file model18.cif (mmCIF, C-alpha atoms)
data_model
loop_
_atom_site.label_atom_id
_atom_site.label_comp_id
_atom_site.auth_asym_id
_atom_site.auth_seq_id
_atom_site.Cartn_x
_atom_site.Cartn_y
_atom_site.Cartn_z
CA LEU Y 90 -44.80 -39.78 27.51
CA LEU Y 91 -48.39 -38.99 26.75
CA PHE Y 92 -51.03 -39.35 29.41
CA MET Y 93 -54.14 -40.86 27.89
CA LYS Y 94 -57.53 -41.19 29.49
CA LEU Y 95 -59.77 -44.14 28.67
CA ASN Y 96 -62.66 -42.68 26.69
CA HIS Y 97 -65.04 -45.57 26.20
CA LEU Y 98 -65.57 -49.31 26.40
CA SER Y 99 -67.77 -51.33 24.10
CA LEU Y 100 -69.21 -54.59 25.41
CA ALA Y 101 -71.15 -57.16 23.41
CA VAL Y 102 -73.96 -58.53 25.59
CA PRO Y 103 -76.86 -60.90 24.91
CA ASN Y 104 -79.54 -58.47 26.14
CA VAL Y 105 -78.72 -54.79 25.69
CA LEU Y 106 -81.84 -53.52 27.47
CA SER Y 107 -81.38 -55.57 30.64
CA VAL Y 108 -77.66 -54.79 30.91
CA SER Y 109 -78.36 -51.11 30.29
CA ALA Y 110 -80.94 -51.06 33.09
CA PHE Y 111 -78.53 -52.90 35.40
CA MET Y 112 -75.66 -50.47 34.72
CA GLN Y 113 -77.95 -47.51 35.38
CA GLN Y 114 -79.42 -48.94 38.60
CA TYR Y 115 -76.23 -50.24 40.21
CA PHE Y 116 -73.38 -48.23 38.68
CA GLY Y 117 -74.97 -44.83 38.13
CA PHE Y 118 -74.67 -44.70 34.34
CA ARG Y 119 -77.06 -42.49 32.41
CA GLN Y 120 -78.53 -43.54 29.08
CA GLN Y 121 -77.54 -41.16 26.29
CA GLU Y 122 -78.81 -43.06 23.28
CA LEU Y 123 -80.78 -46.21 22.55
CA LYS Y 124 -81.04 -47.80 19.12
CA GLY Y 125 -83.81 -50.35 19.54
CA ASP Y 126 -82.54 -53.38 21.40
CA LYS Y 127 -79.22 -53.44 19.53
CA ILE Y 128 -77.13 -50.54 20.92
CA ALA Y 129 -77.19 -48.49 24.10
CA VAL Y 130 -74.80 -45.63 24.78
CA LEU Y 131 -74.39 -44.85 28.48
CA SER Y 132 -72.37 -42.11 30.14
CA GLY Y 133 -70.63 -42.34 33.48
CA ASN Y 134 -68.36 -40.21 35.60
CA ASP Y 135 -65.57 -38.19 33.97
CA HIS Y 136 -67.33 -38.35 30.58
CA PHE Y 137 -66.66 -42.10 30.31
CA ILE Y 138 -68.87 -43.77 27.70
CA LEU Y 139 -70.05 -47.38 27.90
CA VAL Y 140 -71.43 -48.78 24.66
CA LEU Y 141 -73.50 -51.94 24.86
CA THR Y 142 -74.04 -53.82 21.62
CA ALA Y 143 -76.11 -56.94 20.99
CA SER Y 144 -73.92 -60.00 20.68
CA ARG Y 145 -74.51 -62.13 17.63
CA PRO Y 146 -75.70 -65.73 17.89
CA GLY Y 147 -72.73 -68.07 18.04
CA GLU Y 148 -70.25 -65.35 19.02
CA VAL Y 149 -67.45 -66.57 21.22
CA PRO Y 150 -67.97 -65.28 24.79
CA TYR Y 151 -65.29 -63.31 26.58
CA PRO Y 152 -62.32 -65.23 27.99
CA SER Y 153 -62.87 -66.36 31.59
CA ASP Y 154 -60.44 -63.79 33.04
CA PHE Y 155 -61.77 -60.83 31.03
CA HIS Y 156 -63.29 -58.19 33.27
CA PHE Y 157 -63.65 -54.48 33.84
CA GLY Y 158 -63.25 -52.71 37.15
CA PHE Y 159 -64.80 -49.85 39.06
CA MET Y 160 -62.95 -47.98 41.79
CA LEU Y 161 -64.75 -46.58 44.79
CA ASP Y 162 -63.23 -44.34 47.46
CA ARG Y 163 -63.81 -46.35 50.65
CA PRO Y 164 -64.34 -49.94 51.81
CA GLU Y 165 -67.78 -48.93 53.12
CA GLU Y 166 -68.84 -48.01 49.58
CA VAL Y 167 -67.63 -51.38 48.25
CA SER Y 168 -69.59 -53.18 50.98
CA ALA Y 169 -72.69 -51.06 50.35
CA LEU Y 170 -72.71 -51.92 46.64
CA TYR Y 171 -72.21 -55.59 47.48
CA GLU Y 172 -75.21 -55.46 49.82
CA LYS Y 173 -77.31 -53.63 47.22
CA LEU Y 174 -76.52 -56.30 44.61
CA ILE Y 175 -77.39 -59.12 47.02
CA ALA Y 176 -80.64 -57.38 48.05
CA GLY Y 177 -81.49 -56.99 44.35
CA GLY Y 178 -81.15 -60.74 43.81
CA HIS Y 179 -77.88 -60.65 41.89
CA PRO Y 180 -75.51 -63.50 42.69
CA VAL Y 181 -72.14 -62.43 44.03
CA PRO Y 182 -70.00 -65.50 44.77
CA ARG Y 183 -67.85 -63.95 47.53
CA ALA Y 184 -68.19 -61.02 49.89
CA PRO Y 185 -65.71 -58.15 49.57
CA ALA Y 186 -62.28 -58.96 51.00
CA LYS Y 187 -58.68 -57.75 50.98
CA ILE Y 188 -57.12 -58.62 47.62
CA ARG Y 189 -53.51 -57.45 47.29
CA ASN Y 190 -53.68 -53.72 48.12
CA SER Y 191 -57.42 -53.39 47.65
CA PHE Y 192 -60.76 -54.26 49.20
CA ALA Y 193 -62.74 -55.88 46.41
CA PHE Y 194 -65.19 -58.39 45.04
CA TYR Y 195 -65.87 -59.88 41.62
CA PHE Y 196 -69.16 -60.92 40.07
CA HIS Y 197 -70.80 -61.32 36.67
CA ILE Y 198 -73.19 -58.66 35.40
CA PRO Y 199 -76.26 -59.87 33.47
CA GLY Y 200 -74.98 -61.40 30.27
CA GLY Y 201 -71.94 -62.96 31.89
CA VAL Y 202 -69.24 -60.26 31.77
CA MET Y 203 -67.16 -60.16 34.96
CA ALA Y 204 -66.86 -56.92 36.93
CA GLU Y 205 -64.53 -55.99 39.77
CA ILE Y 206 -65.59 -53.51 42.42
CA SER Y 207 -62.76 -52.23 44.60
CA CYS Y 208 -61.09 -49.47 46.55
CA THR Y 209 -57.44 -49.00 47.35
CA LEU Y 210 -56.37 -49.80 50.90
#
call {"tool": "encode", "arguments": {"input": "model18.cif", "output": "structure tokens"}}
result
Amino acid sequence: LLFMKLNHLSLAVPNVLSVSAFMQQYFGFRQQELKGDKIAVLSGNDHFILVLTASRPGEVPYPSDFHFGFMLDRPEEVSALYEKLIAGGHPVPRAPAKIRNSFAFYFHIPGGVMAEISCTL
């Protein structure tokens, strides 16, 4: 078996600039490239690349269960990010809680894509 590492994720979002700023402020991404308001290339930990592209008018949004997840090391870090999002005025429907073998919460980033923030218990 080959071990493969996820290299990048490309998300179509309605406002590339606002989602790029959000990902930098709350998730620690760094902007590597910006092509107007159409494409932003962000880098994260472990050389992970997040590409944000402008969605086209009339494009079908993501399915309701589609999401991406970020792992943190400790429950305190999950709670701290939750508090930071709330303080920043971002709606998070539920506080972090035990979900299966993790401590986690879900919310929608600007543009409507769901994100999961968790740590293993």
call {"tool": "closest_residue", "arguments": {"input": "model18.cif", "among": "Y:Arg119, Y:His136, Y:Arg163, Y:Lys127", "to": "Lys94 of chain Y", "atoms": "all atoms listed in the file"}}
result
Y:His136
call {"tool": "atom_distance", "arguments": {"input": "model18.cif", "atom1": "atom CA of Ala129 of chain Y", "atom2": "atom CA of Tyr115 of chain Y"}}
result
16.2 Å
call {"tool": "residues_around", "arguments": {"input": "model18.cif", "residues": "Glu165 of chain Y", "least_positions_apart": "4", "cutoff": "12 Å", "atoms": "all atoms listed in the file", "output": "short mmCIF file (atom, residue, chain, number, x, y, z; two decimals) with C-alpha atoms, in the frame of the given file"}}
result
data_model
loop_
_atom_site.label_atom_id
_atom_site.label_comp_id
_atom_site.auth_asym_id
_atom_site.auth_seq_id
_atom_site.Cartn_x
_atom_site.Cartn_y
_atom_site.Cartn_z
CA LEU Y 161 -64.75 -46.58 44.79
CA ALA Y 169 -72.69 -51.06 50.35
CA LEU Y 170 -72.71 -51.92 46.64
CA TYR Y 171 -72.21 -55.59 47.48
CA GLU Y 172 -75.21 -55.46 49.82
CA PRO Y 185 -65.71 -58.15 49.57
CA ALA Y 186 -62.28 -58.96 51.00
CA PHE Y 192 -60.76 -54.26 49.20
CA ALA Y 193 -62.74 -55.88 46.41
CA ILE Y 206 -65.59 -53.51 42.42
CA SER Y 207 -62.76 -52.23 44.60
CA CYS Y 208 -61.09 -49.47 46.55
CA THR Y 209 -57.44 -49.00 47.35
CA LEU Y 210 -56.37 -49.80 50.90
#
call {"tool": "resolve_selection", "arguments": {"input": "model18.cif", "expression": "the PyMOL selection byres ((chain Y and resi 97-107) around 7)", "output": "list in words"}}
result
Leu95, Asn96, Val108, Ser109, Ala110, Phe111, Asp126, Lys127, Ile128, Ala129, Phe137, Ile138, Leu139, Val140, Leu141, Thr142, Ala143, Ser144 and Gly200 of chain Y
call {"tool": "resolve_selection", "arguments": {"input": "model18.cif", "expression": "the PyMOL selection byres ((chain Y and resi 153) around 12)", "output": "list of chain:residue names"}}
result
Y:Val149, Y:Pro150, Y:Tyr151, Y:Pro152, Y:Asp154, Y:Phe155, Y:His156, Y:Phe196, Y:His197, Y:Gly201, Y:Val202, Y:Met203, Y:Ala204
call {"tool": "atom_distance", "arguments": {"input": "model18.cif", "atom1": "atom CA of Gln113 of chain Y", "atom2": "atom CA of Asn134 of chain Y"}}
result
12.1 Å
call {"tool": "closest_residue", "arguments": {"input": "model18.cif", "among": "Y:Met112, Y:Val181, Y:Met160, Y:Ile198", "to": "Val130 of chain Y", "atoms": "all atoms listed in the file"}}
result
Y:Met112
call {"tool": "closest_residue", "arguments": {"input": "model18.cif", "among": "Y:Ser191, Y:Gly147, Y:Lys173, Y:Phe118", "to": "Asp135 of chain Y", "atoms": "all atoms listed in the file"}}
result
Y:Phe118
call {"tool": "axis_aligned_box", "arguments": {"input": "model18.cif", "around": "segment 144-153 of chain Y", "padding_each_side": "8 Å", "output": "lines of an AutoDock Vina configuration file"}}
result
center_x = -69.0
center_y = -64.0
center_z = 24.6
size_x = 29.4
size_y = 24.1
size_z = 30.0
call {"tool": "closest_residue", "arguments": {"input": "model18.cif", "among": "Y:Arg145, Y:Phe194, Y:Gly177, Y:Arg189", "to": "Pro164 of chain Y", "atoms": "all atoms listed in the file"}}
result
Y:Phe194
call {"tool": "closest_residue", "arguments": {"input": "model18.cif", "among": "Y:Gly178, Y:Phe159, Y:Glu166, Y:Leu131", "to": "Tyr195 of chain Y", "atoms": "all atoms listed in the file"}}
result
Y:Phe159
call {"tool": "atom_distance", "arguments": {"input": "model18.cif", "atom1": "atom CA of Gly133 of chain Y", "atom2": "atom CA of Val167 of chain Y"}}
result
17.6 Å
call {"tool": "decode", "arguments": {"input": "model18.cif", "residues": "segment 97-176 of chain Y", "atoms": "C-alpha atoms", "output": "JSON list (two decimals), in the first residue's frame"}}
result
[["chain", "number", "residue", "atom", "x", "y", "z"],
["Y", 97, "HIS", "CA", -4.39, 20.57, -1.56],
["Y", 98, "LEU", "CA", -8.09, 21.34, -1.53],
["Y", 99, "SER", "CA", -9.85, 23.67, -3.92],
["Y", 100, "LEU", "CA", -13.07, 25.32, -2.77],
["Y", 101, "ALA", "CA", -15.42, 27.42, -4.88],
["Y", 102, "VAL", "CA", -16.70, 30.32, -2.77],
["Y", 103, "PRO", "CA", -18.84, 33.37, -3.56],
["Y", 104, "ASN", "CA", -16.30, 35.89, -2.22],
["Y", 105, "VAL", "CA", -12.66, 34.83, -2.49],
["Y", 106, "LEU", "CA", -11.28, 37.86, -0.65],
["Y", 107, "SER", "CA", -13.50, 37.54, 2.42],
["Y", 108, "VAL", "CA", -12.98, 33.78, 2.73],
["Y", 109, "SER", "CA", -9.23, 34.23, 2.27],
["Y", 110, "ALA", "CA", -9.14, 36.82, 5.07],
["Y", 111, "PHE", "CA", -11.24, 34.53, 7.30],
["Y", 112, "MET", "CA", -8.97, 31.51, 6.73],
["Y", 113, "GLN", "CA", -5.91, 33.61, 7.53],
["Y", 114, "GLN", "CA", -7.39, 35.17, 10.68],
["Y", 115, "TYR", "CA", -8.97, 32.07, 12.22],
["Y", 116, "PHE", "CA", -7.08, 29.09, 10.79],
["Y", 117, "GLY", "CA", -3.56, 30.46, 10.40],
["Y", 118, "PHE", "CA", -3.27, 30.14, 6.62],
["Y", 119, "ARG", "CA", -0.82, 32.38, 4.80],
["Y", 120, "GLN", "CA", -1.62, 33.91, 1.42],
["Y", 121, "GLN", "CA", 0.82, 32.76, -1.25],
["Y", 122, "GLU", "CA", -0.85, 34.14, -4.35],
["Y", 123, "LEU", "CA", -3.83, 36.31, -5.22],
["Y", 124, "LYS", "CA", -5.23, 36.66, -8.72],
["Y", 125, "GLY", "CA", -7.62, 39.60, -8.42],
["Y", 126, "ASP", "CA", -10.81, 38.54, -6.71],
["Y", 127, "LYS", "CA", -10.99, 35.22, -8.58],
["Y", 128, "ILE", "CA", -8.31, 32.95, -7.06],
["Y", 129, "ALA", "CA", -6.41, 32.89, -3.78],
["Y", 130, "VAL", "CA", -3.75, 30.31, -2.98],
["Y", 131, "LEU", "CA", -3.17, 29.86, 0.76],
["Y", 132, "SER", "CA", -0.65, 27.67, 2.55],
["Y", 133, "GLY", "CA", -1.15, 25.96, 5.87],
["Y", 134, "ASN", "CA", 0.73, 23.56, 8.08],
["Y", 135, "ASP", "CA", 2.64, 20.64, 6.55],
["Y", 136, "HIS", "CA", 2.75, 22.39, 3.16],
["Y", 137, "PHE", "CA", -1.01, 21.97, 2.71],
["Y", 138, "ILE", "CA", -2.41, 24.28, 0.02],
["Y", 139, "LEU", "CA", -5.94, 25.69, 0.05],
["Y", 140, "VAL", "CA", -7.10, 27.15, -3.24],
["Y", 141, "LEU", "CA", -10.12, 29.42, -3.19],
["Y", 142, "THR", "CA", -11.81, 30.08, -6.51],
["Y", 143, "ALA", "CA", -14.75, 32.35, -7.28],
["Y", 144, "SER", "CA", -17.93, 30.37, -7.75],
["Y", 145, "ARG", "CA", -19.88, 31.09, -10.88],
["Y", 146, "PRO", "CA", -23.40, 32.51, -10.80],
["Y", 147, "GLY", "CA", -25.93, 29.69, -10.76],
["Y", 148, "GLU", "CA", -23.43, 27.05, -9.66],
["Y", 149, "VAL", "CA", -24.93, 24.33, -7.51],
["Y", 150, "PRO", "CA", -23.77, 24.78, -3.89],
["Y", 151, "TYR", "CA", -22.07, 21.98, -2.01],
["Y", 152, "PRO", "CA", -24.25, 19.14, -0.70],
["Y", 153, "SER", "CA", -25.50, 19.77, 2.84],
["Y", 154, "ASP", "CA", -23.17, 17.18, 4.42],
["Y", 155, "PHE", "CA", -20.04, 18.32, 2.54],
["Y", 156, "HIS", "CA", -17.41, 19.67, 4.91],
["Y", 157, "PHE", "CA", -13.72, 19.79, 5.66],
["Y", 158, "GLY", "CA", -12.13, 19.27, 9.05],
["Y", 159, "PHE", "CA", -9.27, 20.65, 11.08],
["Y", 160, "MET", "CA", -7.66, 18.68, 13.90],
["Y", 161, "LEU", "CA", -6.28, 20.39, 16.96],
["Y", 162, "ASP", "CA", -4.28, 18.73, 19.73],
["Y", 163, "ARG", "CA", -6.38, 19.45, 22.82],
["Y", 164, "PRO", "CA", -9.99, 20.22, 23.81],
["Y", 165, "GLU", "CA", -8.82, 23.58, 25.17],
["Y", 166, "GLU", "CA", -7.67, 24.57, 21.68],
["Y", 167, "VAL", "CA", -11.04, 23.58, 20.20],
["Y", 168, "SER", "CA", -12.84, 25.66, 22.84],
["Y", 169, "ALA", "CA", -10.49, 28.61, 22.31],
["Y", 170, "LEU", "CA", -11.18, 28.68, 18.56],
["Y", 171, "TYR", "CA", -14.90, 28.43, 19.23],
["Y", 172, "GLU", "CA", -14.68, 31.42, 21.58],
["Y", 173, "LYS", "CA", -12.61, 33.39, 19.07],
["Y", 174, "LEU", "CA", -15.20, 32.77, 16.34],
["Y", 175, "ILE", "CA", -18.06, 33.83, 18.61],
["Y", 176, "ALA", "CA", -16.16, 36.96, 19.72]]
